[in-house]
Amino acid sequence: MTAIRRWGELLEGWAIPAEILAAAPESPYGFPAELFRTRGARRDEPEAPTPTTRRALERLPEGGRVLDVGCGGGATSLPLADRAGDLVGVDAQEDMLEGFVANASAVGIRAETVQGRWPDVAGAIDPVDVALAGHVLYNVADLGPFVRELAATARRRVVFELTERHPLHWMNDLWLRFHDLERPSGPVPDDALDALAEMDLDARIERWQAAPRLGGFARRADALALARRRLCLPASRDDELAGALGDRLAERGGLWSVGPASQPLATLWFDR
């Protein structure tokens, strides 16, 4: 099996069984814009640059142009605002793009947006110096076209950031408890690295531990509702779910979030 095919098949293992999906009170997919808008907003005290930011800055010229695929509120690209001249955000959700523009405006940088899915909208974007895709690869089963279009659009470097495990891996015990369903353990960043090598891209990887990520909801109920949706559960099981979540449902920095406070991360990058 090729590395690219293996990546896709491992991701397909995360599909929710049809019978659970059919019984779900609401769709488990999609993201609340509030969550990403707060993650992208600049904090009062600047954080130290992450490996992802440093790798992007290494190849970003003064006033350079940055593409952020799956931009959300801009958490991956806004740390480049002091050097970049333009940010281009791509996201399938219109409300995410609205938050991206608002956060970019707050730090005084010009932002363009393109609504749609990458690589479908690649033709609408002029070349950039650096292309970023933060926490997107685990949503991309067909990795080849996605990466090749990024490589064709970026003049200097492409940078990915992803968690060491699938971003929903932390919920595996909950799926077992509420649905008696075993969830997968892969893929992992090394699988992405192998796939990039198969595309003749000389990619490198740096592993690191993130500081606790700020961002979340003003209300505890909204954070709990996100976990409930992901698990295809009715609201009547909220109390049971809250008990099972334990300290994974917590208030951090004045906002409510669900999931681990931080996860081991990996930055992958290759030059053009």
# chains A, B, ... in the order shown; residues from 1 in each chain; ligands from 1
>>> select_by_dssp(residues="range 21-172 of chain A", states="helix (DSSP H, G or I)", output="number ranges by chain")
A: 21-23, 33-40, 51-59, 78-80, 94-106, 122-124, 137-139, 143-153, 169-172
>>> closest_atom_pairs(of="range 134-252 of chain A", to="range 48-57 of chain A", cutoff="12 Å", atoms="only C-alpha atoms", output="CSV")
residue,atom,partner,partner_atom,distance
A:Gly134,CA,A:Thr52,CA,8.7
A:His135,CA,A:Thr52,CA,11.3
A:Ala154,CA,A:Ala56,CA,11.5
A:Arg156,CA,A:Ala56,CA,9.4
A:Arg157,CA,A:Ala56,CA,7.3
A:Val158,CA,A:Ala56,CA,7.9
A:Val159,CA,A:Ala56,CA,6.6
A:Phe160,CA,A:Thr52,CA,7.4
A:Glu161,CA,A:Thr52,CA,6.5
A:Leu162,CA,A:Thr52,CA,9.9
A:Arg204,CA,A:Arg55,CA,10.6
A:Ile205,CA,A:Pro51,CA,10.0
A:Glu206,CA,A:Pro51,CA,7.4
A:Arg207,CA,A:Pro51,CA,8.5
A:Trp208,CA,A:Pro51,CA,7.7
A:Gln209,CA,A:Thr50,CA,9.5
A:Ala210,CA,A:Thr50,CA,7.9
A:Ala211,CA,A:Thr50,CA,9.4
>>> write_last_selection(atoms="all heavy atoms", output="compact mmCIF listing (two decimals), in the first residue's frame")
# COMPACT_ATOMS: atom_id res chain seq x y z
N GLY A 134 -3.00 24.89 9.25
CA GLY A 134 -2.91 24.51 10.66
C GLY A 134 -4.11 23.68 11.08
O GLY A 134 -5.25 24.12 10.95
N HIS A 135 -3.86 22.46 11.54
CA HIS A 135 -4.89 21.58 12.07
C HIS A 135 -5.96 21.29 11.02
O HIS A 135 -7.16 21.36 11.28
CB HIS A 135 -5.49 22.17 13.35
CG HIS A 135 -4.44 22.39 14.40
ND1 HIS A 135 -4.05 21.40 15.27
CD2 HIS A 135 -3.65 23.46 14.66
CE1 HIS A 135 -3.07 21.87 16.05
NE2 HIS A 135 -2.81 23.11 15.69
N ALA A 154 2.53 28.29 -3.37
CA ALA A 154 3.54 28.92 -2.52
C ALA A 154 4.87 29.03 -3.26
O ALA A 154 5.37 28.04 -3.81
CB ALA A 154 3.72 28.11 -1.24
N ARG A 156 7.75 29.96 -1.74
CA ARG A 156 8.89 29.73 -0.87
C ARG A 156 8.75 28.52 0.05
O ARG A 156 9.64 27.68 0.10
CB ARG A 156 9.16 30.98 -0.01
CG ARG A 156 9.65 32.17 -0.82
CD ARG A 156 9.64 33.45 0.00
NE ARG A 156 10.27 34.56 -0.72
CZ ARG A 156 11.49 35.01 -0.48
NH1 ARG A 156 12.23 34.44 0.46
NH2 ARG A 156 11.99 36.01 -1.16
N ARG A 157 7.66 28.43 0.78
CA ARG A 157 7.55 27.35 1.77
C ARG A 157 6.08 27.02 2.05
O ARG A 157 5.21 27.89 2.00
CB ARG A 157 8.26 27.75 3.07
CG ARG A 157 8.18 26.71 4.19
CD ARG A 157 9.11 27.04 5.35
NE ARG A 157 10.50 26.70 5.00
CZ ARG A 157 11.52 26.84 5.84
NH1 ARG A 157 11.31 27.32 7.07
NH2 ARG A 157 12.74 26.51 5.47
N VAL A 158 5.85 25.74 2.37
CA VAL A 158 4.55 25.26 2.85
C VAL A 158 4.75 24.70 4.25
O VAL A 158 5.69 23.93 4.49
CB VAL A 158 3.97 24.18 1.92
CG1 VAL A 158 2.67 23.62 2.49
CG2 VAL A 158 3.75 24.73 0.51
N VAL A 159 3.88 25.10 5.18
CA VAL A 159 4.01 24.69 6.59
C VAL A 159 2.68 24.10 7.07
O VAL A 159 1.62 24.71 6.87
CB VAL A 159 4.40 25.88 7.49
CG1 VAL A 159 4.65 25.40 8.92
CG2 VAL A 159 5.63 26.60 6.94
N PHE A 160 2.77 22.95 7.70
CA PHE A 160 1.60 22.31 8.31
C PHE A 160 1.80 22.23 9.82
O PHE A 160 2.93 22.06 10.30
CB PHE A 160 1.42 20.88 7.79
CG PHE A 160 1.28 20.76 6.31
CD1 PHE A 160 2.32 20.28 5.54
CD2 PHE A 160 0.10 21.12 5.68
CE1 PHE A 160 2.20 20.15 4.17
CE2 PHE A 160 -0.03 21.01 4.31
CZ PHE A 160 1.02 20.52 3.54
N GLU A 161 0.70 22.34 10.54
CA GLU A 161 0.71 22.06 11.98
C GLU A 161 -0.40 21.07 12.27
O GLU A 161 -1.52 21.21 11.75
CB GLU A 161 0.51 23.34 12.79
CG GLU A 161 0.55 23.13 14.31
CD GLU A 161 0.39 24.44 15.08
OE1 GLU A 161 1.25 25.32 14.91
OE2 GLU A 161 -0.61 24.57 15.82
N LEU A 162 -0.11 20.06 13.07
CA LEU A 162 -1.12 19.08 13.43
C LEU A 162 -0.78 18.46 14.78
O LEU A 162 0.36 18.49 15.23
CB LEU A 162 -1.27 18.00 12.37
CG LEU A 162 -0.10 17.07 12.05
CD1 LEU A 162 -0.62 15.87 11.25
CD2 LEU A 162 0.98 17.75 11.24
N ARG A 204 10.35 18.13 6.39
CA ARG A 204 10.95 17.91 7.71
C ARG A 204 9.90 18.06 8.79
O ARG A 204 8.83 18.62 8.54
CB ARG A 204 12.11 18.89 7.91
CG ARG A 204 13.36 18.53 7.10
CD ARG A 204 14.34 19.68 7.03
NE ARG A 204 13.87 20.70 6.10
CZ ARG A 204 14.51 21.85 5.89
NH1 ARG A 204 15.60 22.13 6.59
NH2 ARG A 204 14.04 22.73 5.02
N ILE A 205 10.22 17.57 9.98
CA ILE A 205 9.25 17.57 11.07
C ILE A 205 9.91 18.03 12.36
O ILE A 205 11.08 17.74 12.62
CB ILE A 205 8.63 16.16 11.24
CG1 ILE A 205 7.48 16.18 12.25
CG2 ILE A 205 9.70 15.15 11.63
CD1 ILE A 205 6.67 14.88 12.25
N GLU A 206 9.17 18.77 13.14
CA GLU A 206 9.60 19.19 14.48
C GLU A 206 8.44 18.95 15.44
O GLU A 206 7.33 19.44 15.21
CB GLU A 206 9.99 20.67 14.49
CG GLU A 206 10.47 21.16 15.84
CD GLU A 206 10.95 22.61 15.82
OE1 GLU A 206 10.99 23.21 14.73
OE2 GLU A 206 11.27 23.14 16.90
N ARG A 207 8.72 18.21 16.49
CA ARG A 207 7.69 17.92 17.49
C ARG A 207 7.84 18.86 18.67
O ARG A 207 8.96 19.20 19.05
CB ARG A 207 7.79 16.46 17.94
CG ARG A 207 7.38 15.48 16.85
CD ARG A 207 7.50 14.05 17.33
NE ARG A 207 6.83 13.14 16.41
CZ ARG A 207 7.38 12.65 15.30
NH1 ARG A 207 8.63 12.96 14.99
NH2 ARG A 207 6.70 11.85 14.51
N TRP A 208 6.72 19.24 19.28
CA TRP A 208 6.77 20.19 20.37
C TRP A 208 5.51 20.09 21.21
O TRP A 208 4.53 19.47 20.80
CB TRP A 208 6.97 21.61 19.85
CG TRP A 208 6.03 22.06 18.76
CD1 TRP A 208 6.02 21.65 17.45
CD2 TRP A 208 4.97 23.02 18.87
NE1 TRP A 208 5.02 22.30 16.75
CE2 TRP A 208 4.37 23.14 17.59
CE3 TRP A 208 4.49 23.79 19.93
CZ2 TRP A 208 3.29 24.00 17.34
CZ3 TRP A 208 3.42 24.66 19.68
CH2 TRP A 208 2.84 24.75 18.39
N GLN A 209 5.57 20.68 22.37
CA GLN A 209 4.44 20.69 23.28
C GLN A 209 3.88 22.10 23.37
O GLN A 209 4.61 23.04 23.72
CB GLN A 209 4.85 20.22 24.68
CG GLN A 209 3.73 20.21 25.70
CD GLN A 209 2.69 19.13 25.43
OE1 GLN A 209 3.03 18.00 25.11
NE2 GLN A 209 1.42 19.48 25.54
N ALA A 210 2.63 22.26 23.04
CA ALA A 210 2.01 23.58 23.05
C ALA A 210 1.69 24.01 24.48
O ALA A 210 1.40 23.19 25.35
CB ALA A 210 0.74 23.59 22.22
N ALA A 211 1.73 25.32 24.68
CA ALA A 211 1.17 25.88 25.91
C ALA A 211 -0.34 25.71 25.86
O ALA A 211 -0.92 25.54 24.79
CB ALA A 211 1.54 27.36 26.02
>>> closest_residue(among="A:Ala152, A:Met199, A:Met96, A:Ala242", to="Arg272 in chain A", atoms="only C-alpha atoms")
A:Ala152
>>> closest_residue(among="A:Val90, A:Val69, A:Leu60, A:Ala244", to="Trp175 in chain A", atoms="only C-alpha atoms")
A:Ala244
>>> select_by_dssp(residues="range 13-251 of chain A", states="strand (DSSP E or B)", output="PyMOL selection string")
chain A and resi 65-69+86-91+110-115+128-134+154-163+204-209+217+249-251
